[in-house]
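**Q** Please find one structure pasted underneath; my questions will follow.
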Amino acid sequence: MPFSDGLADFRSDTVTRPTPAMYQAMAEAELGDDVYHDDPTVLALERESAEAVGKEDAVFVPTGTMGNQLSIQLHTNPGEEVISNAASHLRSIERGAASAFAGVAFRSVERPGGQIEPEDVDNAMGMAGFFPRISLLTWENTHNLSGGRVVSFDLMKRTSGVAREHGLKIHLDGARLWNAVAATGIDGPDWGELADTIQFCFSKGLGAPIGSVVCGDSETIAELRYLRGRAGGAMRQAGVVAAAARVGLAERERLAEDHLLGDKLAVGLAERFIGSVDPGAVETNIVNVDFDALGMAWTEVSGRLDGAGIKANGPIGPVWRLVTHRNVDDSDVARLLDILA
Ligand SMILES: Cc1ncc(COP(=O)(O)O)c(C=O)c1O
């Protein structure tokens with residue numbers, strides 16, 4: 001459903017607004033005090049989230065960043081290193097949180113599409129004794145900066161297996177895990193087996209206004225609940241927002257529609273601007289465009305978009321990121337293509 005003001009916002013799936021069903025669930029939510037662990041709506045959301053990824057328990061947190069960073073704090077000690085793809089959100093877009101709060105550095109793997117090969121872990125661990133201790137492997141799926149690419153289940157399984165042999169803990173930043181599920185047909189519990197902690201967001205394509213969850217075994221989640229309180233992330237009548245998150249989670253299969261729209265956008269751009277997009281590389285709802293292939297300056301493009309009531313972020317280097325979600329539709333994509341052409 002497009003926005004009622006007619007604006008088409010392609011900046012991110014985070015711009016999605018609550019649906020009528022979400023507003024109704026928020027208005028009718030049974031509430032308690034989540035710091036006393038007795039808000040029934042939060043408890044229901046945590047139960048449903050844990051079940052969705054085959055884990056024992058879950059803890060509701062205000063943001064994906066907090067879920068990722070508390071998980072890093074839990075799995076590491078200051079001075080240690082975390083293996084991560086170089087273009088991961090938790091390394092590069094969380095404002096240095098891992099070094100500021102957990103006191104860790106990253107052993108970065110430079111590969112496309114969020115990939116980390118088993119040999120990357122073996123190589124990093126081969127230096128034990130001289131280099132900083134490594135305690136954690138992190139994944140991001142789908143992988144935001146590479147254009148919503150899915151890290152294949154097979155690769156994650158092989159590399160996570162090697163990491164476990166080395167005694168590493170594994171965290172999955174699944175901010176868009178349900179996009180990976182929709183794109184592959186491989187369900188949550190299968191991905192869940194590949195990590196000790198899994199963070200996923202309700203505030204992205206699922207459409208809820210606020211919130212994320214971290215799932216894991218009971219002991220892990222109890223400890224994360226403690227760390228959440230210490231970080232100031234424990235909320236009181238949080239059922240108000242958890243109610244909307246429950247609706248988003250229950251409707252997660254609809255993400256496939258966002259992917260279809262992403263594909264239409266990619267194909268439309270590729271037809272109009274040769275070399276701007278490889279539609280085969282667009283697997284989910286994020287379309288990375290080679291901006292130079294449009295042959296226009298950003299001032300020209302942004303002027304046209306403004307005039308047509310379309311919002312988009314500017315390119316970062318040559319990469320122009322457009323995102324489809326439940327509040328844009330076919331006519332918005334057609335409008336965007338027309339105005340560019
Ligand atoms: C892959 C990924 N991880 C984590 C986050 C952080 O989520 P939040 O904005 O809720 O802190 C984002 C946000 O865009 C993201 O794309």
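By order of appearance in the structure tokens: chains A, B, ..., then residues from 1 within every chain, and ligands from 1 in the order shown.
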Residues contacting ligand 1 - anything with an atom at most 10 Å away, using only C-alpha atoms and all ligand atoms - can you give me those as number ranges by chain?

**A** A: 12-14, 61-69, 87-91, 93-94, 139-145, 148, 172-177, 199-204, 209-212

**Q** Can those selected residues be exported to a file as a short mmCIF file (atom, residue, chain, number, x, y, z; two decimals), in the first residue's frame so that it contains N, CA and C atoms?

**A**
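selection_37.cif was written with the following content:
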```
data_model
loop_
_atom_site.label_atom_id
_atom_site.label_comp_id
_atom_site.auth_asym_id
_atom_site.auth_seq_id
_atom_site.Cartn_x
_atom_site.Cartn_y
_atom_site.Cartn_z
N SER A 12 14.84 3.13 1.76
CA SER A 12 15.10 1.92 2.55
C SER A 12 13.78 1.24 2.87
N ASP A 13 13.84 -0.02 3.28
CA ASP A 13 12.64 -0.70 3.79
C ASP A 13 12.36 -0.29 5.24
N THR A 14 13.25 0.50 5.82
CA THR A 14 13.02 0.99 7.19
C THR A 14 11.97 2.11 7.22
N VAL A 61 14.62 -6.21 21.70
CA VAL A 61 15.51 -5.04 21.88
C VAL A 61 15.02 -3.90 20.98
N PRO A 62 15.36 -2.66 21.34
CA PRO A 62 14.82 -1.53 20.55
C PRO A 62 15.30 -1.49 19.10
N THR A 63 16.55 -1.88 18.86
CA THR A 63 17.10 -1.75 17.50
C THR A 63 17.96 -2.96 17.13
N GLY A 64 18.17 -3.10 15.82
CA GLY A 64 19.06 -4.13 15.34
C GLY A 64 20.49 -3.88 15.79
N THR A 65 20.87 -2.63 15.83
CA THR A 65 22.22 -2.29 16.29
C THR A 65 22.43 -2.79 17.71
N MET A 66 21.45 -2.53 18.58
CA MET A 66 21.63 -3.00 19.96
C MET A 66 21.69 -4.53 20.02
N GLY A 67 20.85 -5.19 19.22
CA GLY A 67 20.87 -6.66 19.21
C GLY A 67 22.23 -7.19 18.77
N ASN A 68 22.78 -6.60 17.72
CA ASN A 68 24.10 -7.04 17.24
C ASN A 68 25.18 -6.76 18.28
N GLN A 69 25.17 -5.55 18.81
CA GLN A 69 26.27 -5.14 19.69
C GLN A 69 26.23 -5.87 21.04
N ALA A 87 32.38 -5.64 4.59
CA ALA A 87 31.24 -4.74 4.32
C ALA A 87 30.03 -5.09 5.18
N SER A 88 30.29 -5.59 6.39
CA SER A 88 29.14 -5.92 7.24
C SER A 88 28.64 -4.68 7.96
N HIS A 89 27.34 -4.67 8.23
CA HIS A 89 26.73 -3.54 8.93
C HIS A 89 27.33 -3.39 10.33
N LEU A 90 27.48 -4.50 11.03
CA LEU A 90 27.92 -4.38 12.44
C LEU A 90 29.37 -3.93 12.55
N ARG A 91 30.14 -4.06 11.48
CA ARG A 91 31.50 -3.54 11.49
C ARG A 91 31.54 -2.10 10.99
N ILE A 93 28.78 0.11 9.83
CA ILE A 93 27.71 1.13 9.86
C ILE A 93 27.15 1.32 11.27
N GLU A 94 27.78 0.70 12.27
CA GLU A 94 27.23 0.87 13.62
C GLU A 94 28.10 1.80 14.46
N TRP A 139 27.99 -13.27 10.64
CA TRP A 139 27.39 -13.28 9.30
C TRP A 139 26.36 -12.16 9.19
N GLU A 140 26.06 -11.79 7.96
CA GLU A 140 24.93 -10.88 7.71
C GLU A 140 24.15 -11.43 6.53
N ASN A 141 22.87 -11.73 6.76
CA ASN A 141 22.06 -12.33 5.70
C ASN A 141 20.61 -11.88 5.81
N THR A 142 20.08 -11.22 4.73
CA THR A 142 20.76 -10.87 3.51
C THR A 142 21.79 -9.78 3.76
N HIS A 143 22.66 -9.59 2.80
CA HIS A 143 23.79 -8.69 2.99
C HIS A 143 23.47 -7.34 2.36
N ASN A 144 23.30 -6.37 3.23
CA ASN A 144 22.79 -5.06 2.84
C ASN A 144 23.65 -4.36 1.77
N LEU A 145 24.92 -4.09 2.12
CA LEU A 145 25.73 -3.23 1.25
C LEU A 145 25.99 -3.83 -0.13
N GLY A 148 21.55 -6.51 -1.00
CA GLY A 148 20.58 -7.50 -0.52
C GLY A 148 20.88 -8.92 -0.98
N LEU A 172 24.60 -14.27 13.83
CA LEU A 172 24.02 -13.91 12.53
C LEU A 172 23.25 -12.61 12.67
N ASP A 173 23.70 -11.58 11.94
CA ASP A 173 22.92 -10.35 11.80
C ASP A 173 21.89 -10.63 10.72
N GLY A 174 20.72 -11.05 11.18
CA GLY A 174 19.63 -11.37 10.24
C GLY A 174 18.62 -10.24 10.20
N ALA A 175 19.12 -9.01 10.17
CA ALA A 175 18.21 -7.86 10.06
C ALA A 175 17.16 -8.14 8.99
N ARG A 176 17.62 -8.77 7.88
CA ARG A 176 16.70 -9.14 6.79
C ARG A 176 16.72 -10.66 6.57
N LEU A 177 16.74 -11.40 7.66
CA LEU A 177 16.75 -12.86 7.55
C LEU A 177 15.54 -13.37 6.76
N GLN A 199 20.07 -12.17 15.34
CA GLN A 199 19.30 -10.94 15.50
C GLN A 199 18.46 -10.76 14.25
N PHE A 200 17.16 -10.49 14.41
CA PHE A 200 16.42 -10.03 13.23
C PHE A 200 15.52 -8.85 13.58
N CYS A 201 15.24 -8.03 12.54
CA CYS A 201 14.55 -6.74 12.72
C CYS A 201 13.09 -6.84 12.30
N PHE A 202 12.23 -6.22 13.06
CA PHE A 202 10.82 -6.07 12.68
C PHE A 202 10.59 -4.77 11.91
N SER A 203 11.55 -3.86 12.01
CA SER A 203 11.36 -2.48 11.53
C SER A 203 11.84 -2.28 10.09
N LYS A 204 12.19 -3.37 9.41
CA LYS A 204 12.62 -3.25 8.01
C LYS A 204 11.45 -3.72 7.14
N PRO A 209 6.99 -0.56 13.32
CA PRO A 209 7.68 0.72 13.52
C PRO A 209 9.01 0.59 14.27
N ILE A 210 9.08 -0.34 15.21
CA ILE A 210 10.23 -0.38 16.13
C ILE A 210 10.53 -1.83 16.51
N GLY A 211 11.82 -2.13 16.66
CA GLY A 211 12.17 -3.34 17.38
C GLY A 211 12.88 -4.41 16.60
N SER A 212 13.66 -5.17 17.36
CA SER A 212 14.40 -6.33 16.87
C SER A 212 14.38 -7.36 17.97
#
```

**Q** Show me, as a Markdown table, the residues of stretch 163-263 of chain A having an atom within 8 Å of stretch 40-53 of chain A, each with the closest atom pair and its distance in Å, using only C-alpha atoms.

**A**
```
| residue | atom | partner | partner_atom | distance |
| --- | --- | --- | --- | --- |
| A:Asp187 | CA | A:Val53 | CA | 7.8 |
| A:Gly188 | CA | A:Val53 | CA | 4.3 |
| A:Pro189 | CA | A:Val53 | CA | 4.0 |
| A:Asp190 | CA | A:Val53 | CA | 7.4 |
| A:Trp191 | CA | A:Val53 | CA | 7.1 |
| A:Gly192 | CA | A:Val53 | CA | 5.0 |
| A:Val213 | CA | A:Glu46 | CA | 7.3 |
| A:Cys215 | CA | A:Ala50 | CA | 5.5 |
| A:Gly216 | CA | A:Ala50 | CA | 7.4 |
| A:Ala238 | CA | A:Val42 | CA | 6.6 |
| A:Gly239 | CA | A:Thr41 | CA | 4.8 |
| A:Val240 | CA | A:Thr41 | CA | 7.9 |
| A:Ala242 | CA | A:Val42 | CA | 5.5 |
| A:Ala243 | CA | A:Thr41 | CA | 6.2 |
| A:Ala245 | CA | A:Leu45 | CA | 7.4 |
| A:Arg246 | CA | A:Leu45 | CA | 5.7 |
| A:Leu249 | CA | A:Ser49 | CA | 7.9 |
```

**Q** I want to know what sits within 8 Å of stretch 289-299 of chain A, based on only C-alpha atoms, with residues of the same chain fewer than 2 positions away left out; could you give that as a VMD selection string?

**A** chain A and resid 273 to 277 287 301 to 303 314 to 315 318 to 322

**Q** Assign secondary structure with DSSP using the backbone only, and return the residues of stretch 69-288 of chain A in strand (DSSP E) as a PyMOL selection string.

**A** chain A and resi 81-85+105-109+134-140+169-174+197-201+212-216+286-288

**Q** Select from stretch 85-135 of chain A every residue with an atom at most 10 Å from any atom of stretch 157-162 of chain A, then for each give the shortest pair of atoms and their distance in Å to one decimal, using only C-alpha atoms, rows by chain and rising number, as a tab-separated table.

**A**
```
residue	atom	partner	partner_atom	distance
A:Gln115	CA	A:Thr159	CA	9.6
A:Ile116	CA	A:Thr159	CA	7.0
A:Glu117	CA	A:Thr159	CA	5.8
A:Pro118	CA	A:Thr159	CA	4.2
A:Glu119	CA	A:Thr159	CA	8.0
A:Asp120	CA	A:Thr159	CA	8.5
A:Val121	CA	A:Val162	CA	7.2
A:Asp122	CA	A:Val162	CA	7.4
```

**Q** Restrict the selected residues to N, CA and C atoms and save them as a PDB file, in the first residue's frame.

**A**
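See again18.pdb below for the written result:
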```
ATOM      1  N   GLN A 115      30.278 -12.757   1.716  1.00  0.00           N
ATOM      2  CA  GLN A 115      30.778 -14.128   1.856  1.00  0.00           C
ATOM      3  C   GLN A 115      31.993 -14.233   2.786  1.00  0.00           C
ATOM      4  N   ILE A 116      32.109 -15.376   3.435  1.00  0.00           N
ATOM      5  CA  ILE A 116      33.305 -15.736   4.204  1.00  0.00           C
ATOM      6  C   ILE A 116      33.527 -17.228   3.943  1.00  0.00           C
ATOM      7  N   GLU A 117      34.678 -17.557   3.401  1.00  0.00           N
ATOM      8  CA  GLU A 117      34.964 -18.952   3.045  1.00  0.00           C
ATOM      9  C   GLU A 117      35.588 -19.671   4.249  1.00  0.00           C
ATOM     10  N   PRO A 118      35.447 -20.994   4.310  1.00  0.00           N
ATOM     11  CA  PRO A 118      36.068 -21.753   5.405  1.00  0.00           C
ATOM     12  C   PRO A 118      37.564 -21.436   5.547  1.00  0.00           C
ATOM     13  N   GLU A 119      38.253 -21.265   4.400  1.00  0.00           N
ATOM     14  CA  GLU A 119      39.705 -21.017   4.483  1.00  0.00           C
ATOM     15  C   GLU A 119      40.003 -19.667   5.158  1.00  0.00           C
ATOM     16  N   ASP A 120      39.071 -18.716   5.075  1.00  0.00           N
ATOM     17  CA  ASP A 120      39.287 -17.423   5.743  1.00  0.00           C
ATOM     18  C   ASP A 120      39.369 -17.625   7.253  1.00  0.00           C
ATOM     19  N   VAL A 121      38.517 -18.512   7.744  1.00  0.00           N
ATOM     20  CA  VAL A 121      38.519 -18.789   9.188  1.00  0.00           C
ATOM     21  C   VAL A 121      39.780 -19.570   9.554  1.00  0.00           C
ATOM     22  N   ASP A 122      40.081 -20.595   8.755  1.00  0.00           N
ATOM     23  CA  ASP A 122      41.294 -21.383   9.010  1.00  0.00           C
ATOM     24  C   ASP A 122      42.532 -20.491   9.023  1.00  0.00           C
TER      25      ASP A 122
END
```

**Q** DSSP on the backbone: which residues in stretch 121-335 of chain A end up as alpha helix (DSSP H)? Give the answer as a ChimeraX atom specification.

**A** /A:121-125,153-165,177-184,188-192,218-230,239-250,255-272,298-307,330-335

**Q** Show me, as a PyMOL selection string, the residues that have an atom within 10 Å of A:Thr16 when counting only C-alpha atoms, minus same-chain residues fewer than 2 positions from it.

**A** chain A and resi 1-3+9+12-14+18-19+203-209+324-328

**Q** Fewer than 4 positions away in the same chain doesn't count, so skip those; otherwise give me all residues within 9 Å of A:Lys264, counting only C-alpha atoms, as a ChimeraX atom specification.

**A** /A:259-260,268-269,279,330,333

**Q** How would the residues just chosen look if you wrote them out with N, CA, C and O atoms as a short mmCIF file (atom, residue, chain, number, x, y, z; two decimals), in the first residue's frame?

**A**
```
data_model
loop_
_atom_site.label_atom_id
_atom_site.label_comp_id
_atom_site.auth_asym_id
_atom_site.auth_seq_id
_atom_site.Cartn_x
_atom_site.Cartn_y
_atom_site.Cartn_z
N HIS A 259 10.36 -8.61 -3.40
CA HIS A 259 11.42 -9.12 -4.28
C HIS A 259 10.99 -9.05 -5.74
O HIS A 259 11.78 -8.70 -6.61
N LEU A 260 9.71 -9.35 -5.99
CA LEU A 260 9.20 -9.26 -7.36
C LEU A 260 9.31 -7.82 -7.87
O LEU A 260 9.71 -7.56 -9.01
N GLY A 268 13.72 -2.99 -15.44
CA GLY A 268 13.37 -1.71 -16.07
C GLY A 268 14.59 -0.82 -16.22
O GLY A 268 14.77 -0.17 -17.27
N LEU A 269 15.42 -0.77 -15.21
CA LEU A 269 16.63 0.06 -15.29
C LEU A 269 17.61 -0.50 -16.30
O LEU A 269 18.20 0.25 -17.10
N PRO A 279 20.27 -7.61 -13.49
CA PRO A 279 19.08 -8.12 -12.81
C PRO A 279 19.32 -9.48 -12.15
O PRO A 279 18.69 -9.79 -11.14
N ASP A 330 3.84 -1.09 -8.04
CA ASP A 330 4.17 -1.07 -9.48
C ASP A 330 4.14 0.33 -10.07
O ASP A 330 5.00 0.70 -10.87
N VAL A 333 7.19 2.30 -9.15
CA VAL A 333 8.36 1.87 -9.93
C VAL A 333 8.28 2.44 -11.35
O VAL A 333 9.27 2.97 -11.88
#
```

**Q** I need the residue nearest A:Arg11 from this list: A:Ile286, A:Val214, A:Leu224, A:Val247. Use only C-alpha atoms for the distance.

**A** A:Ile286
